[in-house]
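One file, work_11.tsv, is given below (TSV, C-alpha atoms).
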chain	number	residue	atom	x	y	z
A	1	MET	CA	9.19	14.12	19.80
A	2	GLN	CA	6.96	11.11	19.33
A	3	VAL	CA	5.79	10.53	15.77
A	4	GLY	CA	3.51	7.84	14.40
A	5	LEU	CA	-0.05	7.04	13.35
A	6	GLU	CA	-2.89	9.19	14.60
A	7	ALA	CA	-5.64	7.42	12.63
A	8	ILE	CA	-6.19	4.89	9.88
A	9	GLY	CA	-8.88	4.25	7.30
A	10	VAL	CA	-9.67	1.20	5.18
A	11	ALA	CA	-11.65	0.78	1.95
A	12	VAL	CA	-12.47	-2.47	0.16
A	13	PRO	CA	-15.03	-3.28	-2.55
A	14	ASP	CA	-18.44	-4.52	-1.46
A	15	THR	CA	-18.26	-7.25	-4.10
A	16	TYR	CA	-16.09	-10.35	-3.75
A	17	VAL	CA	-15.51	-13.94	-4.79
A	18	GLU	CA	-15.38	-16.77	-2.25
A	19	LEU	CA	-12.01	-18.44	-2.71
A	20	ALA	CA	-13.44	-21.85	-1.82
A	21	GLU	CA	-15.88	-21.51	-4.73
A	22	LEU	CA	-13.11	-20.32	-7.06
A	23	ALA	CA	-11.02	-23.34	-6.06
A	24	MET	CA	-13.83	-25.75	-6.89
A	25	ALA	CA	-14.36	-24.02	-10.24
A	26	ARG	CA	-10.65	-24.49	-11.00
A	27	GLY	CA	-10.66	-28.13	-9.90
A	28	VAL	CA	-8.36	-27.75	-6.90
A	29	ALA	CA	-8.86	-28.41	-3.20
A	30	PRO	CA	-10.30	-25.32	-1.44
A	31	GLY	CA	-7.63	-25.63	1.25
A	32	LYS	CA	-4.94	-24.78	-1.30
A	33	TYR	CA	-6.41	-21.29	-1.60
A	34	VAL	CA	-8.05	-20.72	1.78
A	35	ASP	CA	-5.42	-22.32	4.02
A	36	GLY	CA	-2.46	-21.82	1.70
A	37	LEU	CA	-3.08	-18.10	1.20
A	38	GLY	CA	-4.80	-17.45	4.52
A	39	VAL	CA	-7.63	-15.65	2.70
A	40	THR	CA	-11.32	-16.53	2.37
A	41	ARG	CA	-12.56	-13.85	-0.02
A	42	MET	CA	-11.11	-12.01	-3.01
A	43	GLY	CA	-12.25	-8.40	-3.41
A	44	VAL	CA	-13.48	-7.50	-6.90
A	45	PRO	CA	-13.92	-3.80	-7.75
A	46	LEU	CA	-16.98	-2.64	-9.65
A	47	VAL	CA	-16.71	-0.66	-12.90
A	48	ASP	CA	-16.96	2.63	-10.98
A	49	GLU	CA	-14.16	1.73	-8.55
A	50	ASP	CA	-10.44	2.22	-9.09
A	51	THR	CA	-7.36	3.11	-7.06
A	52	VAL	CA	-8.50	6.73	-6.86
A	53	THR	CA	-11.95	6.06	-5.40
A	54	LEU	CA	-10.60	3.43	-2.99
A	55	ALA	CA	-7.82	5.77	-1.84
A	56	ALA	CA	-10.24	8.66	-1.34
A	57	ARG	CA	-12.65	6.52	0.70
A	58	ALA	CA	-9.90	5.24	2.98
A	59	ALA	CA	-8.41	8.72	3.37
A	60	ARG	CA	-11.74	10.29	4.25
A	61	MET	CA	-12.30	7.62	6.91
A	62	ALA	CA	-8.92	8.41	8.48
A	63	LEU	CA	-9.60	12.17	8.49
A	64	GLU	CA	-13.05	11.74	9.99
A	65	SER	CA	-11.75	9.32	12.62
A	66	ALA	CA	-9.23	11.93	13.83
A	67	ARG	CA	-11.65	14.83	13.29
A	68	CYS	CA	-8.95	16.31	11.10
A	69	SER	CA	-9.63	19.21	8.76
A	70	PRO	CA	-8.41	18.95	5.14
A	71	ASP	CA	-6.46	22.16	5.80
A	72	ASP	CA	-4.38	20.32	8.42
A	73	ILE	CA	-2.78	18.10	5.75
A	74	GLY	CA	0.56	19.35	4.45
A	75	LEU	CA	1.71	16.19	2.67
A	76	LEU	CA	-0.23	13.58	0.69
A	77	VAL	CA	1.51	10.56	-0.84
A	78	VAL	CA	-0.25	7.63	-2.51
A	79	GLY	CA	1.69	4.39	-2.89
A	80	THR	CA	0.34	2.30	-5.76
A	81	GLU	CA	1.38	0.09	-8.65
A	82	THR	CA	-2.02	0.51	-10.32
A	83	ALA	CA	-1.88	4.07	-11.60
A	84	VAL	CA	-4.74	5.52	-13.67
A	85	ASP	CA	-2.56	7.94	-15.64
A	86	HIS	CA	1.01	7.85	-16.96
A	87	SER	CA	1.63	11.42	-15.81
A	88	LYS	CA	-0.91	12.69	-13.28
A	89	PRO	CA	-0.52	10.97	-9.90
A	90	VAL	CA	-3.36	9.29	-8.03
A	91	ALA	CA	-2.56	11.71	-5.19
A	92	SER	CA	-3.67	14.65	-7.34
A	93	TYR	CA	-7.12	13.16	-7.88
A	94	VAL	CA	-7.40	12.37	-4.16
A	95	GLN	CA	-6.41	15.93	-3.27
A	96	GLY	CA	-9.32	17.24	-5.32
A	97	LEU	CA	-11.84	14.73	-3.97
A	98	LEU	CA	-10.91	15.51	-0.36
A	99	GLY	CA	-10.68	19.27	-0.86
A	100	LEU	CA	-7.11	19.50	0.46
A	101	SER	CA	-5.31	22.83	0.48
A	102	THR	CA	-3.27	23.98	-2.52
A	103	ARG	CA	-0.39	24.32	-0.05
A	104	CYS	CA	-0.07	20.56	0.21
A	105	ARG	CA	2.78	18.54	-1.28
A	106	ILE	CA	1.40	15.64	-3.30
A	107	PHE	CA	2.98	12.83	-5.28
A	108	GLU	CA	2.83	9.10	-6.00
A	109	THR	CA	5.28	6.31	-5.19
A	110	LYS	CA	5.62	3.06	-7.12
A	111	HIS	CA	7.74	0.16	-5.96
A	112	ALA	CA	5.53	-2.92	-5.86
A	113	CYS	CA	4.60	-3.66	-2.22
A	114	TYR	CA	7.20	-1.22	-0.88
A	115	GLY	CA	5.69	1.96	-2.36
A	116	GLY	CA	3.40	2.64	0.59
A	117	THR	CA	6.08	1.78	3.15
A	118	ALA	CA	8.52	4.15	1.44
A	119	ALA	CA	5.90	6.91	1.61
A	120	LEU	CA	5.27	6.22	5.30
A	121	GLN	CA	8.97	6.35	6.17
A	122	MET	CA	9.37	9.62	4.31
A	123	ALA	CA	6.35	11.10	6.08
A	124	LEU	CA	7.79	10.18	9.47
A	125	ASP	CA	11.04	11.96	8.60
A	126	TRP	CA	9.08	14.96	7.28
A	127	VAL	CA	7.31	15.40	10.61
A	128	ARG	CA	10.43	14.77	12.71
A	129	SER	CA	12.49	17.28	10.71
A	130	GLY	CA	10.16	20.14	11.57
A	131	SER	CA	9.16	20.70	7.95
A	132	ALA	CA	5.57	19.82	8.82
A	133	LYS	CA	5.25	22.93	11.02
A	134	GLY	CA	2.38	21.42	12.95
A	135	ARG	CA	0.62	19.93	9.95
A	136	LYS	CA	-0.01	16.24	9.29
A	137	ALA	CA	0.85	13.77	6.52
A	138	LEU	CA	-1.70	11.55	4.83
A	139	ILE	CA	-0.26	8.33	3.38
A	140	VAL	CA	-2.46	6.04	1.30
A	141	CYS	CA	-1.72	2.57	-0.10
A	142	SER	CA	-4.20	1.72	-2.86
A	143	ASP	CA	-4.05	-1.11	-5.40
A	144	ILE	CA	-6.01	-3.44	-7.65
A	145	ALA	CA	-4.12	-6.67	-8.29
A	146	ARG	CA	-4.98	-8.52	-11.51
A	147	TYR	CA	-3.76	-11.82	-12.92
A	148	GLY	CA	-4.85	-13.84	-15.91
A	149	VAL	CA	-7.82	-16.21	-15.62
A	150	GLY	CA	-6.67	-19.69	-14.67
A	151	THR	CA	-3.11	-18.60	-13.86
A	152	PRO	CA	-1.41	-19.52	-10.56
A	153	GLY	CA	-1.72	-15.89	-9.47
A	154	GLU	CA	-5.49	-15.71	-10.03
A	155	PRO	CA	-6.50	-16.49	-6.40
A	156	THR	CA	-4.09	-13.81	-5.09
A	157	GLN	CA	-6.00	-10.99	-6.80
A	158	GLY	CA	-7.81	-8.32	-4.84
A	159	ALA	CA	-8.46	-4.63	-4.34
A	160	GLY	CA	-8.37	-2.21	-1.45
A	161	ALA	CA	-6.81	0.83	0.18
A	162	VAL	CA	-5.39	1.76	3.57
A	163	ALA	CA	-4.86	5.37	4.68
A	164	MET	CA	-2.59	6.44	7.53
A	165	LEU	CA	-2.60	9.85	9.21
A	166	VAL	CA	0.96	10.60	10.37
A	167	SER	CA	1.57	13.28	13.01
A	168	ASP	CA	3.30	14.21	16.24
A	169	HIS	CA	0.14	13.17	18.10
A	170	PRO	CA	0.29	9.40	17.48
A	171	SER	CA	-2.75	8.14	19.37
A	172	LEU	CA	-2.53	4.70	17.69
A	173	VAL	CA	1.12	3.75	17.12
A	174	VAL	CA	4.48	5.39	17.89
A	175	LEU	CA	7.18	4.46	15.38
A	176	GLU	CA	10.82	4.43	16.46
A	177	GLU	CA	13.28	6.74	14.78
A	178	GLY	CA	16.21	5.30	12.83
A	179	LYS	CA	15.55	1.66	13.69
A	180	THR	CA	14.82	0.23	10.26
A	181	GLY	CA	16.44	-2.34	8.01
A	182	VAL	CA	16.92	-1.86	4.28
A	183	TYR	CA	17.43	-4.46	1.55
A	184	SER	CA	16.94	-3.95	-2.18
A	185	LYS	CA	17.92	-5.84	-5.32
A	186	ASP	CA	16.96	-5.70	-8.99
A	187	VAL	CA	15.12	-8.96	-9.80
A	188	MET	CA	12.51	-10.03	-12.38
A	189	ASP	CA	10.18	-12.13	-10.26
A	190	PHE	CA	7.15	-9.91	-10.74
A	191	TRP	CA	6.30	-7.11	-13.14
A	192	ARG	CA	3.52	-5.60	-15.24
A	193	PRO	CA	4.60	-3.96	-18.51
A	194	LEU	CA	2.68	-0.93	-19.78
A	195	TYR	CA	0.93	-2.93	-22.49
A	196	SER	CA	-0.67	-5.35	-20.01
A	197	LYS	CA	-3.40	-4.97	-17.38
A	198	ASP	CA	-2.40	-8.31	-15.85
A	199	ALA	CA	0.70	-8.84	-13.74
A	200	LEU	CA	3.34	-11.38	-14.72
A	201	VAL	CA	4.99	-13.41	-11.99
A	202	ASP	CA	7.36	-16.33	-11.45
A	203	GLY	CA	5.72	-17.66	-8.30
A	204	HIS	CA	8.42	-19.90	-6.81
A	205	TYR	CA	11.18	-17.43	-7.63
A	206	SER	CA	9.11	-14.58	-6.18
A	207	VAL	CA	8.72	-16.40	-2.86
A	208	GLN	CA	12.48	-16.93	-2.69
A	209	CYS	CA	13.08	-13.25	-3.46
A	210	TYR	CA	10.73	-12.30	-0.64
A	211	LEU	CA	12.52	-14.57	1.82
A	212	ASP	CA	15.91	-13.20	0.77
A	213	ALA	CA	14.67	-9.63	1.23
A	214	LEU	CA	13.13	-10.45	4.62
A	215	GLU	CA	16.39	-11.95	5.85
A	216	GLY	CA	18.48	-9.09	4.47
A	217	ALA	CA	16.21	-6.40	5.91
A	218	TYR	CA	16.12	-8.07	9.33
A	219	ARG	CA	19.89	-8.31	9.46
A	220	ALA	CA	20.13	-4.61	8.63
A	221	TYR	CA	17.55	-3.87	11.32
A	222	GLN	CA	19.59	-5.80	13.89
A	223	GLU	CA	22.62	-3.67	13.07
A	224	ALA	CA	20.60	-0.46	13.37
A	225	ALA	CA	18.70	-1.39	16.53
A	226	GLY	CA	21.49	-3.17	18.38
A	227	ASP	CA	20.94	-6.49	20.13
A	228	VAL	CA	17.34	-7.47	19.38
A	229	GLY	CA	17.83	-11.23	19.40

Final structure tokens representation of the file:
Amino acid sequence: MQVGLEAIGVAVPDTYVELAELAMARGVAPGKYVDGLGVTRMGVPLVDEDTVTLAARAARMALESARCSPDDIGLLVVGTETAVDHSKPVASYVQGLLGLSTRCRIFETKHACYGGTAALQMALDWVRSGSAKGRKALIVCSDIARYGVGTPGEPTQGAGAVAMLVSDHPSLVVLEEGKTGVYSKDVMDFWRPLYSKDALVDGHYSVQCYLDALEGAYRAYQEAAGDVG
């Protein structure tokens, strides 16, 4: 059985800040932001936009692209680190906005940038196991990144959502089974405590943590996939 992505959807705010202009306002060379980050614009959500509305927009685009009925969705997972409620998951709100069936498993995953990937990997296994019974999984990654004004993290802010329709009819991408690499470690390079709307980060340490995780995950992938160079 081939399993992968049947359709995708993307949602970003219509409003944005030019990073070159932000750099000049902060007294730094525009290239530090534009070339250093590889980004030209920073998405800024309006007061009526949050992770729920962005997720719903992206999800609806994916469903419409595949001409998929809401009743065809048997699993909905939203990966986010910008929840709108301490108890009710973003996925629950999205379920209501899309009109998904009550016979649909829904929940939220939180693990910084890995939350959406974890949801995608679980959805792939859900389809492969036969539990889907012909239905599809809808995985959405939705976030609004915020840092303090004038902090080193300020130019890395943004907002957006990506939705992926996972099924056994992968017209876009087929994802291999079992060939993944895993690396995890408890570190304090980046976090956002409940009392704060802004993230806290140790930039240089965070980059090193990312490189360590990349190396560790790739080594694990080599072991799982065999000789891949």

| message | Using only C-alpha atoms, which protein or nucleic acid residues come within 10 Å of Val44 in chain A? Drop anything in the same chain fewer than 6 positions from it, and give the result as a list in words. | response |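 The filter keeps Val12, Pro13, Asp14, Thr15, Tyr16, Val17, Ile144, Ala145, Arg146, Gln157, Gly158, Ala159 and Gly160 of chain A.
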
| request: Write out as a list in words each polymer residue whose atoms come within 7 Å of Val201 in chain A, counting only C-alpha atoms; drop sequence neighbours fewer than 2 positions from it. | output: Asp189, Phe190, Trp191, Ala199 and Gly203 of chain A

Could you write out that same residue set with C-alpha atoms as a compact mmCIF listing (two decimals), in the frame of the given file?
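In the end it all went to out-v8.txt:
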# COMPACT_ATOMS: atom_id res chain seq x y z
CA ASP A 189 10.18 -12.13 -10.26
CA PHE A 190 7.15 -9.91 -10.74
CA TRP A 191 6.30 -7.11 -13.14
CA ALA A 199 0.70 -8.84 -13.74
CA GLY A 203 5.72 -17.66 -8.30

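Closest approach to Pro193 in chain A among A:Thr40, A:Gln121, A:Gln2, A:Thr82 is made by A:Thr82 (distances from all atoms listed in the file).
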
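Residue neighbourhood of Ala91 in chain A, excluding near-sequence residues (fewer than 4 positions): A:Leu76, A:Val77, A:Val78, A:Gln95, A:Ile106, A:Phe107, A:Glu108, at 7 Å, using all atoms listed in the file.
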
| message | Just checking: using all atoms listed in the file, which residue out of A:Ser131, A:Ser196, A:Ser184, A:Thr151 ends up closest to Ser167 in chain A? | response |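 The closest residue to Ser167 in chain A is A:Ser131.
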
| message | From (-1.0, 5.1, -13.4), in the file's coordinates, out to 12 Å: which residues are reached, counting only C-alpha atoms? Answer as number ranges by chain. | response | A: 50-52, 78-93, 107-110, 142-144, 192-194, 197

| Which protein, DNA or RNA residues are at most 12 Å from (15.8, -3.5, 4.0) in the file's coordinates when you count only C-alpha atoms, listed as a ChimeraX atom specification? | /A:114,117-118,179-185,210-224

| said: Ranking A:Gly31, A:Gly9, A:Gly116, A:Gly226 by minimum distance to Met61 in chain A and counting only C-alpha atoms, which one comes first? | reply: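 Residue with the minimum atom-to-atom distance to Met61 in chain A: A:Gly9.
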
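Among the candidates A:Ala66, A:Pro155, A:Cys141, A:Val127, the one nearest to Cys113 in chain A when counting only C-alpha atoms is A:Cys141.
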
| request: Could you check which of A:Ser65, A:Ala23, A:Thr156, A:Gly150 is closest to Val39 in chain A, using all atoms listed in the file? | output: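 Of A:Ser65, A:Ala23, A:Thr156, A:Gly150, the one nearest Val39 in chain A is A:Thr156, counting all atoms listed in the file.
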
| request: In Å, rounded to a single decimal, give me how far CA of Arg135 in chain A is from CA of Cys68 in chain A. | output: 10.3 Å

| message | What does the structure give for the distance between CA of Arg128 in chain A and CA of Ala7 in chain A, in Å to one decimal? | response | 17.7 Å

| Taking all atoms listed in the file into account, which of A:Ala163, A:Glu18, A:Glu64, A:Pro152 comes nearest Met42 in chain A? | A:Glu18

| request: Go ahead and compute the interatomic distance for CA of Lys133 in chain A and CA of Leu75 in chain A, in Å to one decimal. | output: 11.3 Å

Please, what is the axis-aligned box for every listed atom of range 189-201 of chain A with 8 Å on each side, as centre and edge lengths in Å to one decimal, as lines of an AutoDock Vina configuration file?
center_x = 3.4
center_y = -7.2
center_z = -16.4
size_x = 29.6
size_y = 28.5
size_z = 28.2
